[in-house]
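Novice: Enclosed is the structure file input_15.txt (compact mmCIF, N, CA and C atoms).
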# COMPACT_ATOMS: atom_id res chain seq x y z
N MET A 283 135.00 112.88 205.69
CA MET A 283 136.24 112.52 205.04
C MET A 283 137.33 112.32 206.09
N TYR A 284 137.41 113.25 207.04
CA TYR A 284 138.43 113.18 208.08
C TYR A 284 138.29 111.88 208.88
N LEU A 285 137.08 111.56 209.31
CA LEU A 285 136.87 110.35 210.10
C LEU A 285 137.13 109.08 209.30
N THR A 286 136.85 109.14 208.01
CA THR A 286 137.12 107.98 207.16
C THR A 286 138.61 107.73 207.08
N VAL A 287 139.41 108.77 206.96
CA VAL A 287 140.86 108.62 206.88
C VAL A 287 141.42 108.14 208.22
N ILE A 288 140.96 108.73 209.33
CA ILE A 288 141.47 108.37 210.65
C ILE A 288 141.13 106.92 211.00
N ASN A 289 139.87 106.53 210.77
CA ASN A 289 139.43 105.18 211.11
C ASN A 289 139.78 104.14 210.05
N GLY A 290 139.99 104.58 208.84
CA GLY A 290 140.29 103.65 207.76
C GLY A 290 139.06 102.99 207.18
N ASP A 291 137.88 103.39 207.62
CA ASP A 291 136.65 102.83 207.06
C ASP A 291 135.49 103.80 207.32
N PHE A 292 134.28 103.35 207.04
CA PHE A 292 133.10 104.20 207.17
C PHE A 292 132.27 103.88 208.41
N ARG A 293 132.87 103.35 209.45
CA ARG A 293 132.06 102.98 210.62
C ARG A 293 131.47 104.20 211.33
N TRP A 294 132.06 105.39 211.10
CA TRP A 294 131.52 106.59 211.74
C TRP A 294 130.10 106.90 211.28
N ILE A 295 129.69 106.34 210.16
CA ILE A 295 128.33 106.56 209.66
C ILE A 295 127.30 105.98 210.64
N HIS A 296 127.68 104.99 211.42
CA HIS A 296 126.76 104.35 212.36
C HIS A 296 126.73 105.04 213.72
N TRP A 297 127.55 106.05 213.92
CA TRP A 297 127.57 106.77 215.19
C TRP A 297 126.47 107.83 215.18
N TRP A 298 125.55 107.75 216.09
CA TRP A 298 124.41 108.66 216.11
C TRP A 298 124.82 110.11 216.31
N ILE A 299 125.90 110.35 217.04
CA ILE A 299 126.32 111.73 217.30
C ILE A 299 126.72 112.46 216.01
N MET A 300 127.24 111.71 215.05
CA MET A 300 127.62 112.33 213.77
C MET A 300 126.39 112.81 213.00
N TRP A 301 125.27 112.12 213.18
CA TRP A 301 124.03 112.53 212.51
C TRP A 301 123.40 113.75 213.19
N VAL A 302 123.90 114.11 214.34
CA VAL A 302 123.48 115.35 215.00
C VAL A 302 124.45 116.47 214.63
N ILE A 303 125.74 116.18 214.64
CA ILE A 303 126.76 117.20 214.39
C ILE A 303 126.73 117.71 212.95
N ILE A 304 126.69 116.83 211.99
CA ILE A 304 126.77 117.23 210.58
C ILE A 304 125.58 118.11 210.17
N PRO A 305 124.33 117.67 210.35
CA PRO A 305 123.23 118.57 209.96
C PRO A 305 123.17 119.83 210.84
N GLY A 306 123.50 119.68 212.12
CA GLY A 306 123.48 120.84 213.02
C GLY A 306 124.47 121.90 212.61
N SER A 307 125.69 121.50 212.26
CA SER A 307 126.68 122.48 211.83
C SER A 307 126.31 123.09 210.48
N SER A 308 125.69 122.30 209.62
CA SER A 308 125.23 122.85 208.33
C SER A 308 124.18 123.93 208.54
N LEU A 309 123.23 123.69 209.43
CA LEU A 309 122.20 124.69 209.72
C LEU A 309 122.80 125.94 210.35
N LEU A 310 123.76 125.76 211.25
CA LEU A 310 124.42 126.91 211.87
C LEU A 310 125.14 127.76 210.83
N LEU A 311 125.83 127.12 209.91
CA LEU A 311 126.51 127.87 208.86
C LEU A 311 125.52 128.61 207.97
N PHE A 312 124.43 127.96 207.64
CA PHE A 312 123.44 128.58 206.76
C PHE A 312 122.80 129.80 207.42
N PHE A 313 122.33 129.63 208.65
CA PHE A 313 121.66 130.74 209.33
C PHE A 313 122.64 131.74 209.91
N GLY A 314 123.83 131.31 210.25
CA GLY A 314 124.85 132.22 210.77
C GLY A 314 125.35 133.16 209.69
N LYS A 315 125.53 132.66 208.51
CA LYS A 315 125.95 133.47 207.38
C LYS A 315 124.84 134.44 207.00
N GLY A 316 123.64 134.04 207.26
CA GLY A 316 122.50 134.89 206.91
C GLY A 316 122.15 134.66 205.46
N ASN A 317 120.95 134.30 205.24
CA ASN A 317 120.50 134.05 203.89
C ASN A 317 120.09 135.38 203.26
N HIS A 318 121.05 136.30 203.17
CA HIS A 318 120.77 137.63 202.65
C HIS A 318 121.20 137.73 201.20
N TRP A 319 120.54 138.60 200.50
CA TRP A 319 120.85 138.77 199.10
C TRP A 319 120.57 140.21 198.69
N THR A 320 121.03 140.56 197.51
CA THR A 320 120.85 141.88 196.96
C THR A 320 120.10 141.76 195.64
N ALA A 321 119.16 142.67 195.44
CA ALA A 321 118.41 142.69 194.19
C ALA A 321 118.14 144.14 193.82
N ALA A 322 117.98 144.40 192.55
CA ALA A 322 117.67 145.75 192.10
C ALA A 322 116.77 145.69 190.88
N GLY A 323 115.94 146.70 190.77
CA GLY A 323 115.10 146.87 189.60
C GLY A 323 115.40 148.22 188.99
N ALA A 324 114.58 148.66 188.08
CA ALA A 324 114.83 149.92 187.40
C ALA A 324 114.82 151.10 188.36
N THR A 325 114.02 151.04 189.43
CA THR A 325 113.92 152.18 190.33
C THR A 325 114.08 151.83 191.80
N TRP A 326 114.55 150.64 192.13
CA TRP A 326 114.68 150.25 193.53
C TRP A 326 115.87 149.33 193.72
N VAL A 327 116.31 149.22 194.97
CA VAL A 327 117.34 148.26 195.34
C VAL A 327 117.00 147.68 196.70
N GLN A 328 117.23 146.37 196.85
CA GLN A 328 117.01 145.70 198.13
C GLN A 328 118.35 145.18 198.63
N TRP A 329 118.62 145.45 199.88
CA TRP A 329 119.85 144.97 200.53
C TRP A 329 119.41 144.27 201.80
N HIS A 330 119.60 142.97 201.87
CA HIS A 330 119.15 142.13 202.98
C HIS A 330 117.64 142.28 203.10
N ASP A 331 117.14 142.83 204.22
CA ASP A 331 115.70 142.95 204.41
C ASP A 331 115.18 144.36 204.13
N SER A 332 116.05 145.27 203.75
CA SER A 332 115.66 146.67 203.53
C SER A 332 115.70 147.01 202.05
N TRP A 333 114.91 148.01 201.67
CA TRP A 333 114.92 148.45 200.28
C TRP A 333 114.65 149.95 200.23
N VAL A 334 115.07 150.57 199.13
CA VAL A 334 114.81 151.99 198.89
C VAL A 334 114.47 152.21 197.42
N ASP A 335 113.77 153.30 197.18
CA ASP A 335 113.46 153.75 195.82
C ASP A 335 114.63 154.63 195.39
N THR A 336 115.47 154.14 194.50
CA THR A 336 116.71 154.84 194.15
C THR A 336 116.46 156.14 193.38
N TYR A 337 115.30 156.30 192.77
CA TYR A 337 115.01 157.53 192.03
C TYR A 337 114.35 158.60 192.90
N HIS A 338 114.13 158.29 194.17
CA HIS A 338 113.56 159.26 195.11
C HIS A 338 114.35 159.28 196.42
N LEU A 339 115.67 159.21 196.32
CA LEU A 339 116.50 159.26 197.52
C LEU A 339 116.51 160.68 198.07
N THR A 340 116.43 160.79 199.40
CA THR A 340 116.48 162.11 200.04
C THR A 340 117.77 162.32 200.82
N ARG A 341 118.49 161.24 201.09
CA ARG A 341 119.75 161.35 201.84
C ARG A 341 120.68 160.21 201.44
N ILE A 342 121.93 160.58 201.14
CA ILE A 342 122.96 159.60 200.81
C ILE A 342 124.19 159.98 201.61
N ARG A 343 124.72 159.04 202.38
CA ARG A 343 125.91 159.29 203.17
C ARG A 343 126.88 158.12 203.02
N PHE A 344 128.15 158.46 202.97
CA PHE A 344 129.22 157.46 202.96
C PHE A 344 129.69 157.28 204.39
N SER A 345 130.04 156.06 204.75
CA SER A 345 130.53 155.77 206.09
C SER A 345 131.40 154.53 206.05
N ALA A 346 132.11 154.33 207.13
CA ALA A 346 132.89 153.09 207.30
C ALA A 346 132.21 152.27 208.38
N ASP A 347 131.94 151.02 208.09
CA ASP A 347 131.30 150.11 209.03
C ASP A 347 132.28 148.97 209.26
N GLY A 348 133.16 149.14 210.24
CA GLY A 348 134.25 148.19 210.44
C GLY A 348 135.20 148.33 209.26
N PRO A 349 135.58 147.23 208.65
CA PRO A 349 136.50 147.32 207.50
C PRO A 349 135.80 147.65 206.18
N SER A 350 134.49 147.72 206.19
CA SER A 350 133.72 147.92 204.96
C SER A 350 133.36 149.39 204.74
N ARG A 351 133.38 149.78 203.46
CA ARG A 351 132.88 151.10 203.07
C ARG A 351 131.42 150.91 202.70
N VAL A 352 130.56 151.72 203.32
CA VAL A 352 129.12 151.54 203.11
C VAL A 352 128.44 152.85 202.76
N LEU A 353 127.27 152.72 202.17
CA LEU A 353 126.39 153.85 201.92
C LEU A 353 125.19 153.72 202.84
N ARG A 354 124.71 154.86 203.31
CA ARG A 354 123.49 154.91 204.09
C ARG A 354 122.48 155.67 203.24
N LEU A 355 121.41 154.99 202.85
CA LEU A 355 120.44 155.56 201.92
C LEU A 355 119.08 155.71 202.58
N LYS A 356 118.39 156.81 202.26
CA LYS A 356 117.03 157.03 202.72
C LYS A 356 116.23 157.61 201.57
N ASP A 357 115.00 157.12 201.38
CA ASP A 357 114.18 157.62 200.27
C ASP A 357 113.01 158.46 200.77
N ALA A 358 112.27 159.04 199.84
CA ALA A 358 111.16 159.94 200.16
C ALA A 358 110.02 159.24 200.88
N HIS A 359 109.95 157.93 200.80
CA HIS A 359 108.88 157.16 201.43
C HIS A 359 109.24 156.73 202.85
N GLY A 360 110.44 157.09 203.32
CA GLY A 360 110.88 156.72 204.66
C GLY A 360 111.64 155.40 204.73
N ASN A 361 111.83 154.74 203.60
CA ASN A 361 112.59 153.49 203.59
C ASN A 361 114.08 153.80 203.73
N LYS A 362 114.82 152.90 204.39
CA LYS A 362 116.24 153.12 204.62
C LYS A 362 117.04 151.84 204.39
N ILE A 363 118.25 152.03 203.93
CA ILE A 363 119.25 150.96 203.94
C ILE A 363 120.39 151.51 204.76
N HIS A 364 120.70 150.84 205.87
CA HIS A 364 121.66 151.39 206.82
C HIS A 364 123.12 151.13 206.43
N SER A 365 123.44 149.96 205.98
CA SER A 365 124.84 149.62 205.66
C SER A 365 124.91 148.90 204.32
N PHE A 366 124.88 149.66 203.26
CA PHE A 366 124.90 149.13 201.90
C PHE A 366 126.37 149.04 201.47
N LYS A 367 126.94 147.84 201.48
CA LYS A 367 128.36 147.67 201.21
C LYS A 367 128.67 147.96 199.74
N ILE A 368 129.49 148.97 199.54
CA ILE A 368 129.82 149.41 198.18
C ILE A 368 130.55 148.32 197.41
N SER A 369 131.52 147.68 198.03
CA SER A 369 132.32 146.68 197.31
C SER A 369 131.48 145.50 196.85
N GLU A 370 130.52 145.09 197.65
CA GLU A 370 129.70 143.94 197.27
C GLU A 370 128.75 144.26 196.12
N ILE A 371 128.19 145.46 196.12
CA ILE A 371 127.26 145.81 195.03
C ILE A 371 128.03 146.09 193.74
N GLN A 372 129.25 146.61 193.85
CA GLN A 372 130.02 146.91 192.65
C GLN A 372 130.61 145.67 192.00
N ARG A 373 130.57 144.54 192.68
CA ARG A 373 131.05 143.29 192.07
C ARG A 373 130.18 142.87 190.90
N ASN A 374 128.92 143.28 190.92
CA ASN A 374 128.00 142.97 189.84
C ASN A 374 127.75 144.27 189.07
N PRO A 375 128.44 144.48 187.94
CA PRO A 375 128.34 145.75 187.21
C PRO A 375 126.91 146.10 186.78
N ASP A 376 126.12 145.14 186.38
CA ASP A 376 124.75 145.43 185.95
C ASP A 376 123.91 145.93 187.13
N LEU A 377 124.08 145.31 188.27
CA LEU A 377 123.36 145.72 189.47
C LEU A 377 123.81 147.12 189.90
N TRP A 378 125.12 147.36 189.87
CA TRP A 378 125.65 148.66 190.26
C TRP A 378 125.16 149.76 189.31
N ASP A 379 125.07 149.47 188.01
CA ASP A 379 124.56 150.45 187.06
C ASP A 379 123.15 150.90 187.41
N LEU A 380 122.29 149.95 187.76
CA LEU A 380 120.92 150.29 188.15
C LEU A 380 120.90 151.21 189.37
N VAL A 381 121.69 150.85 190.37
CA VAL A 381 121.73 151.64 191.61
C VAL A 381 122.34 153.01 191.36
N TYR A 382 123.46 153.05 190.64
CA TYR A 382 124.16 154.31 190.41
C TYR A 382 123.32 155.28 189.57
N ASN A 383 122.60 154.77 188.57
CA ASN A 383 121.73 155.62 187.77
C ASN A 383 120.64 156.25 188.63
N GLY A 384 120.10 155.47 189.56
CA GLY A 384 119.09 156.02 190.48
C GLY A 384 119.68 157.07 191.39
N ILE A 385 120.91 156.84 191.87
CA ILE A 385 121.59 157.83 192.72
C ILE A 385 121.81 159.12 191.94
N LEU A 386 122.30 159.00 190.71
CA LEU A 386 122.53 160.20 189.89
C LEU A 386 121.22 160.96 189.66
N HIS A 387 120.15 160.26 189.37
CA HIS A 387 118.85 160.90 189.16
C HIS A 387 118.40 161.63 190.42
N SER A 388 118.55 160.98 191.57
CA SER A 388 118.13 161.61 192.83
C SER A 388 118.93 162.87 193.12
N VAL A 389 120.23 162.81 192.90
CA VAL A 389 121.08 163.98 193.13
C VAL A 389 120.72 165.10 192.16
N ALA A 390 120.52 164.76 190.90
CA ALA A 390 120.19 165.76 189.88
C ALA A 390 118.83 166.42 190.14
N SER A 391 117.92 165.72 190.81
CA SER A 391 116.60 166.28 191.08
C SER A 391 116.67 167.45 192.05
N GLY A 392 117.74 167.53 192.85
CA GLY A 392 117.89 168.62 193.81
C GLY A 392 117.23 168.35 195.14
N ASN A 393 116.57 167.22 195.30
CA ASN A 393 115.88 166.89 196.56
C ASN A 393 116.68 165.93 197.43
N CYS A 394 117.92 165.67 197.08
CA CYS A 394 118.74 164.68 197.79
C CYS A 394 119.85 165.38 198.56
N ASP A 395 119.95 165.07 199.83
CA ASP A 395 121.01 165.61 200.69
C ASP A 395 122.23 164.69 200.57
N ILE A 396 123.27 165.18 199.92
CA ILE A 396 124.50 164.41 199.75
C ILE A 396 125.68 165.33 200.05
N ASP A 397 126.59 164.87 200.88
CA ASP A 397 127.72 165.71 201.25
C ASP A 397 128.87 165.56 200.24
N ALA A 398 129.86 166.44 200.37
CA ALA A 398 130.98 166.46 199.42
C ALA A 398 131.80 165.17 199.47
N LYS A 399 131.96 164.62 200.65
CA LYS A 399 132.74 163.37 200.80
C LYS A 399 132.08 162.24 200.01
N THR A 400 130.77 162.11 200.13
CA THR A 400 130.05 161.07 199.42
C THR A 400 130.09 161.31 197.92
N ARG A 401 129.95 162.57 197.50
CA ARG A 401 130.07 162.91 196.08
C ARG A 401 131.43 162.48 195.54
N HIS A 402 132.47 162.76 196.31
CA HIS A 402 133.83 162.42 195.88
C HIS A 402 134.01 160.90 195.77
N ILE A 403 133.56 160.15 196.76
CA ILE A 403 133.70 158.69 196.77
C ILE A 403 132.95 158.08 195.59
N LEU A 404 131.74 158.57 195.33
CA LEU A 404 130.91 158.02 194.24
C LEU A 404 131.20 158.65 192.89
N LYS A 405 132.10 159.63 192.86
CA LYS A 405 132.47 160.32 191.62
C LYS A 405 131.25 160.98 190.96
N ILE A 406 130.47 161.67 191.77
CA ILE A 406 129.31 162.40 191.26
C ILE A 406 129.74 163.83 191.00
N PRO A 407 129.60 164.32 189.78
CA PRO A 407 130.05 165.68 189.47
C PRO A 407 129.26 166.73 190.25
N TYR A 408 129.95 167.82 190.57
CA TYR A 408 129.31 168.90 191.32
C TYR A 408 128.28 169.63 190.48
N GLU A 409 128.28 169.44 189.19
CA GLU A 409 127.31 170.08 188.32
C GLU A 409 125.91 169.51 188.52
N LEU A 410 125.81 168.29 189.05
CA LEU A 410 124.51 167.67 189.31
C LEU A 410 123.94 168.17 190.63
N GLY A 411 122.71 168.61 190.59
CA GLY A 411 122.03 169.03 191.80
C GLY A 411 122.56 170.34 192.34
N PRO A 412 122.09 170.72 193.53
CA PRO A 412 122.55 171.98 194.12
C PRO A 412 124.03 171.91 194.44
N ARG A 413 124.71 173.02 194.23
CA ARG A 413 126.14 173.06 194.54
C ARG A 413 126.34 173.08 196.04
N PRO A 414 127.31 172.32 196.54
CA PRO A 414 127.58 172.37 197.98
C PRO A 414 128.23 173.70 198.34
N THR A 415 128.10 174.06 199.61
CA THR A 415 128.75 175.29 200.05
C THR A 415 130.25 175.10 200.05
N ARG A 416 130.98 176.19 200.15
CA ARG A 416 132.44 176.14 200.11
C ARG A 416 133.00 175.22 201.19
N SER A 417 132.46 175.31 202.40
CA SER A 417 132.97 174.47 203.49
C SER A 417 132.75 173.00 203.22
N GLU A 418 131.62 172.64 202.54
CA GLU A 418 131.39 171.23 202.21
C GLU A 418 132.36 170.73 201.16
N ARG A 419 132.75 171.60 200.21
CA ARG A 419 133.66 171.17 199.16
C ARG A 419 135.07 170.96 199.67
N THR A 420 135.49 171.72 200.67
CA THR A 420 136.87 171.64 201.13
C THR A 420 137.03 170.78 202.38
N ARG A 421 135.94 170.45 203.05
CA ARG A 421 136.03 169.68 204.27
C ARG A 421 136.64 168.31 204.00
N GLY A 422 137.60 167.92 204.79
CA GLY A 422 138.21 166.61 204.66
C GLY A 422 139.33 166.55 203.64
N ARG A 423 139.57 167.60 202.91
CA ARG A 423 140.66 167.58 201.93
C ARG A 423 141.88 168.27 202.53
N ARG A 424 143.02 167.77 202.18
CA ARG A 424 144.26 168.40 202.63
C ARG A 424 144.56 169.62 201.78
N ARG A 425 145.13 170.61 202.42
CA ARG A 425 145.53 171.78 201.67
C ARG A 425 146.87 171.52 201.02
N ARG A 426 146.97 171.95 199.80
CA ARG A 426 148.24 171.79 199.09
C ARG A 426 149.06 173.03 199.31
N GLY A 427 150.31 172.83 199.47
CA GLY A 427 151.10 174.03 199.70
C GLY A 427 152.55 173.82 199.67
Show me this structure written as structure tokens.

Specialist:
Amino acid sequence: MYLTVINGDFRWIHWWIMWVIIPGSSLLLFFGKGNHWTAAGATWVQWHDSWVDTYHLTRIRFSADGPSRVLRLKDAHGNKIHSFKISEIQRNPDLWDLVYNGILHSVASGNCDIDAKTRHILKIPYELGPRPTRSERTRGRRRRG
């Protein structure tokens, strides 16, 4: 479009370099963006190339990865998702429901290591699963006074 406006016609179509630049830049954008996607089933979630069994999670941690808030998930089978972006998964409520139900089940089973900070971020009640120790419940919170 730009070359058509500048030249006033379509002669740029006959320039061989444009047939290299246009498809080349399209491929760079496609592969540079990464053809990654998210999927979830009743008991699993896939993030990019990694997946976990959400009903058998053994470790859940909240972290910041640059400007993004992420979860780090590990299941009983050794599968891991290193940087599961919370904001991106929560954009799709149906997908988030599947993942969150699995997280709740894993925490309630008592076999999942989850700290107080992650519980607070995900709004998981302390009544689910083993109660954290006093230091875990108060760590990171400001004292009121």

Novice: Among the residues of chain A, find those DSSP assigns to helix (DSSP H, G or I) from the backbone and print them as a PyMOL selection string.

Specialist: chain A and resi 284-289+293-296+298-315+336-338+368-372+375-391+398-404+416-420

Novice: Take the point (121.8, 145.7, 194.5) as written in the file and pick out every residue within 6.5 Å of it, counting all atoms listed in the file; give the list as a PyMOL selection string.

Specialist: chain A and resi 320-322+327-329+371+377-378

Novice: If you count only N, CA and C atoms, which residues fall within 5 Å of region 398-410 of chain A, apart from same-chain ones fewer than 2 positions away, as a VMD selection string?

Specialist: chain A and resid 344 389 to 390 396 412 418

Novice: Rounded to one decimal in Å, what is the spacing between atom N of Ile368 (chain A) and atom N of Ser350 (chain A)?

Specialist: 8.4 Å

Novice: Identify the residues within 12 Å of coordinate (120.3, 159.0, 195.8) (same frame as the file), considering only C-alpha atoms, and give the answer as a short mmCIF file (atom, residue, chain, number, x, y, z; two decimals) with N, CA and C atoms, in the coordinates of the input.

Specialist:
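Once everything was written out, this is part-v4.cif:
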data_model
loop_
_atom_site.label_atom_id
_atom_site.label_comp_id
_atom_site.auth_asym_id
_atom_site.auth_seq_id
_atom_site.Cartn_x
_atom_site.Cartn_y
_atom_site.Cartn_z
N THR A 325 114.02 151.04 189.43
CA THR A 325 113.92 152.18 190.33
C THR A 325 114.08 151.83 191.80
N TRP A 326 114.55 150.64 192.13
CA TRP A 326 114.68 150.25 193.53
C TRP A 326 115.87 149.33 193.72
N VAL A 327 116.31 149.22 194.97
CA VAL A 327 117.34 148.26 195.34
C VAL A 327 117.00 147.68 196.70
N VAL A 334 115.07 150.57 199.13
CA VAL A 334 114.81 151.99 198.89
C VAL A 334 114.47 152.21 197.42
N ASP A 335 113.77 153.30 197.18
CA ASP A 335 113.46 153.75 195.82
C ASP A 335 114.63 154.63 195.39
N THR A 336 115.47 154.14 194.50
CA THR A 336 116.71 154.84 194.15
C THR A 336 116.46 156.14 193.38
N TYR A 337 115.30 156.30 192.77
CA TYR A 337 115.01 157.53 192.03
C TYR A 337 114.35 158.60 192.90
N HIS A 338 114.13 158.29 194.17
CA HIS A 338 113.56 159.26 195.11
C HIS A 338 114.35 159.28 196.42
N LEU A 339 115.67 159.21 196.32
CA LEU A 339 116.50 159.26 197.52
C LEU A 339 116.51 160.68 198.07
N THR A 340 116.43 160.79 199.40
CA THR A 340 116.48 162.11 200.04
C THR A 340 117.77 162.32 200.82
N ARG A 341 118.49 161.24 201.09
CA ARG A 341 119.75 161.35 201.84
C ARG A 341 120.68 160.21 201.44
N ILE A 342 121.93 160.58 201.14
CA ILE A 342 122.96 159.60 200.81
C ILE A 342 124.19 159.98 201.61
N ARG A 343 124.72 159.04 202.38
CA ARG A 343 125.91 159.29 203.17
C ARG A 343 126.88 158.12 203.02
N PHE A 344 128.15 158.46 202.97
CA PHE A 344 129.22 157.46 202.96
C PHE A 344 129.69 157.28 204.39
N LEU A 353 127.27 152.72 202.17
CA LEU A 353 126.39 153.85 201.92
C LEU A 353 125.19 153.72 202.84
N ARG A 354 124.71 154.86 203.31
CA ARG A 354 123.49 154.91 204.09
C ARG A 354 122.48 155.67 203.24
N LEU A 355 121.41 154.99 202.85
CA LEU A 355 120.44 155.56 201.92
C LEU A 355 119.08 155.71 202.58
N LYS A 356 118.39 156.81 202.26
CA LYS A 356 117.03 157.03 202.72
C LYS A 356 116.23 157.61 201.57
N ASP A 357 115.00 157.12 201.38
CA ASP A 357 114.18 157.62 200.27
C ASP A 357 113.01 158.46 200.77
N ALA A 358 112.27 159.04 199.84
CA ALA A 358 111.16 159.94 200.16
C ALA A 358 110.02 159.24 200.88
N LYS A 362 114.82 152.90 204.39
CA LYS A 362 116.24 153.12 204.62
C LYS A 362 117.04 151.84 204.39
N ILE A 363 118.25 152.03 203.93
CA ILE A 363 119.25 150.96 203.94
C ILE A 363 120.39 151.51 204.76
N LEU A 380 122.29 149.95 187.76
CA LEU A 380 120.92 150.29 188.15
C LEU A 380 120.90 151.21 189.37
N VAL A 381 121.69 150.85 190.37
CA VAL A 381 121.73 151.64 191.61
C VAL A 381 122.34 153.01 191.36
N TYR A 382 123.46 153.05 190.64
CA TYR A 382 124.16 154.31 190.41
C TYR A 382 123.32 155.28 189.57
N ASN A 383 122.60 154.77 188.57
CA ASN A 383 121.73 155.62 187.77
C ASN A 383 120.64 156.25 188.63
N GLY A 384 120.10 155.47 189.56
CA GLY A 384 119.09 156.02 190.48
C GLY A 384 119.68 157.07 191.39
N ILE A 385 120.91 156.84 191.87
CA ILE A 385 121.59 157.83 192.72
C ILE A 385 121.81 159.12 191.94
N LEU A 386 122.30 159.00 190.71
CA LEU A 386 122.53 160.20 189.89
C LEU A 386 121.22 160.96 189.66
N HIS A 387 120.15 160.26 189.37
CA HIS A 387 118.85 160.90 189.16
C HIS A 387 118.40 161.63 190.42
N SER A 388 118.55 160.98 191.57
CA SER A 388 118.13 161.61 192.83
C SER A 388 118.93 162.87 193.12
N VAL A 389 120.23 162.81 192.90
CA VAL A 389 121.08 163.98 193.13
C VAL A 389 120.72 165.10 192.16
N ALA A 390 120.52 164.76 190.90
CA ALA A 390 120.19 165.76 189.88
C ALA A 390 118.83 166.42 190.14
N SER A 391 117.92 165.72 190.81
CA SER A 391 116.60 166.28 191.08
C SER A 391 116.67 167.45 192.05
N GLY A 392 117.74 167.53 192.85
CA GLY A 392 117.89 168.62 193.81
C GLY A 392 117.23 168.35 195.14
N ASN A 393 116.57 167.22 195.30
CA ASN A 393 115.88 166.89 196.56
C ASN A 393 116.68 165.93 197.43
N CYS A 394 117.92 165.67 197.08
CA CYS A 394 118.74 164.68 197.79
C CYS A 394 119.85 165.38 198.56
N ASP A 395 119.95 165.07 199.83
CA ASP A 395 121.01 165.61 200.69
C ASP A 395 122.23 164.69 200.57
N ILE A 396 123.27 165.18 199.92
CA ILE A 396 124.50 164.41 199.75
C ILE A 396 125.68 165.33 200.05
N ASP A 397 126.59 164.87 200.88
CA ASP A 397 127.72 165.71 201.25
C ASP A 397 128.87 165.56 200.24
N THR A 400 130.77 162.11 200.13
CA THR A 400 130.05 161.07 199.42
C THR A 400 130.09 161.31 197.92
N ARG A 401 129.95 162.57 197.50
CA ARG A 401 130.07 162.91 196.08
C ARG A 401 131.43 162.48 195.54
N LEU A 404 131.74 158.57 195.33
CA LEU A 404 130.91 158.02 194.24
C LEU A 404 131.20 158.65 192.89
N ILE A 406 130.47 161.67 191.77
CA ILE A 406 129.31 162.40 191.26
C ILE A 406 129.74 163.83 191.00
N LEU A 410 125.81 168.29 189.05
CA LEU A 410 124.51 167.67 189.31
C LEU A 410 123.94 168.17 190.63
N GLY A 411 122.71 168.61 190.59
CA GLY A 411 122.03 169.03 191.80
C GLY A 411 122.56 170.34 192.34
#

Novice: For atom N of Asp331 (chain A) and atom N of Trp319 (chain A), quote the distance in Å rounded to one decimal.

Specialist: 6.6 Å

Novice: Running DSSP on the backbone, which parts of region 310-400 of chain A land in strand (DSSP E or B), as an MDAnalysis selection string?

Specialist: chainID A and resid 320:322 326:329 332:335 339:347 350:357 362:367 395:396

Novice: Can you measure atom N of Arg351 (chain A) to CA of Ser369 (chain A) for me? One decimal in Å is fine.

Specialist: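 Pair atom N of Arg351 (chain A) / CA of Ser369 (chain A) returns 7.0 Å.
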
Novice: Of the residues A:Met300, A:Pro375, A:Gly323, A:Lys367, which is the one nearest to Gly348 (chain A), using only C-alpha atoms?

Specialist: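 Looking at the shortest contact to Gly348 (chain A), the residue is A:Lys367.
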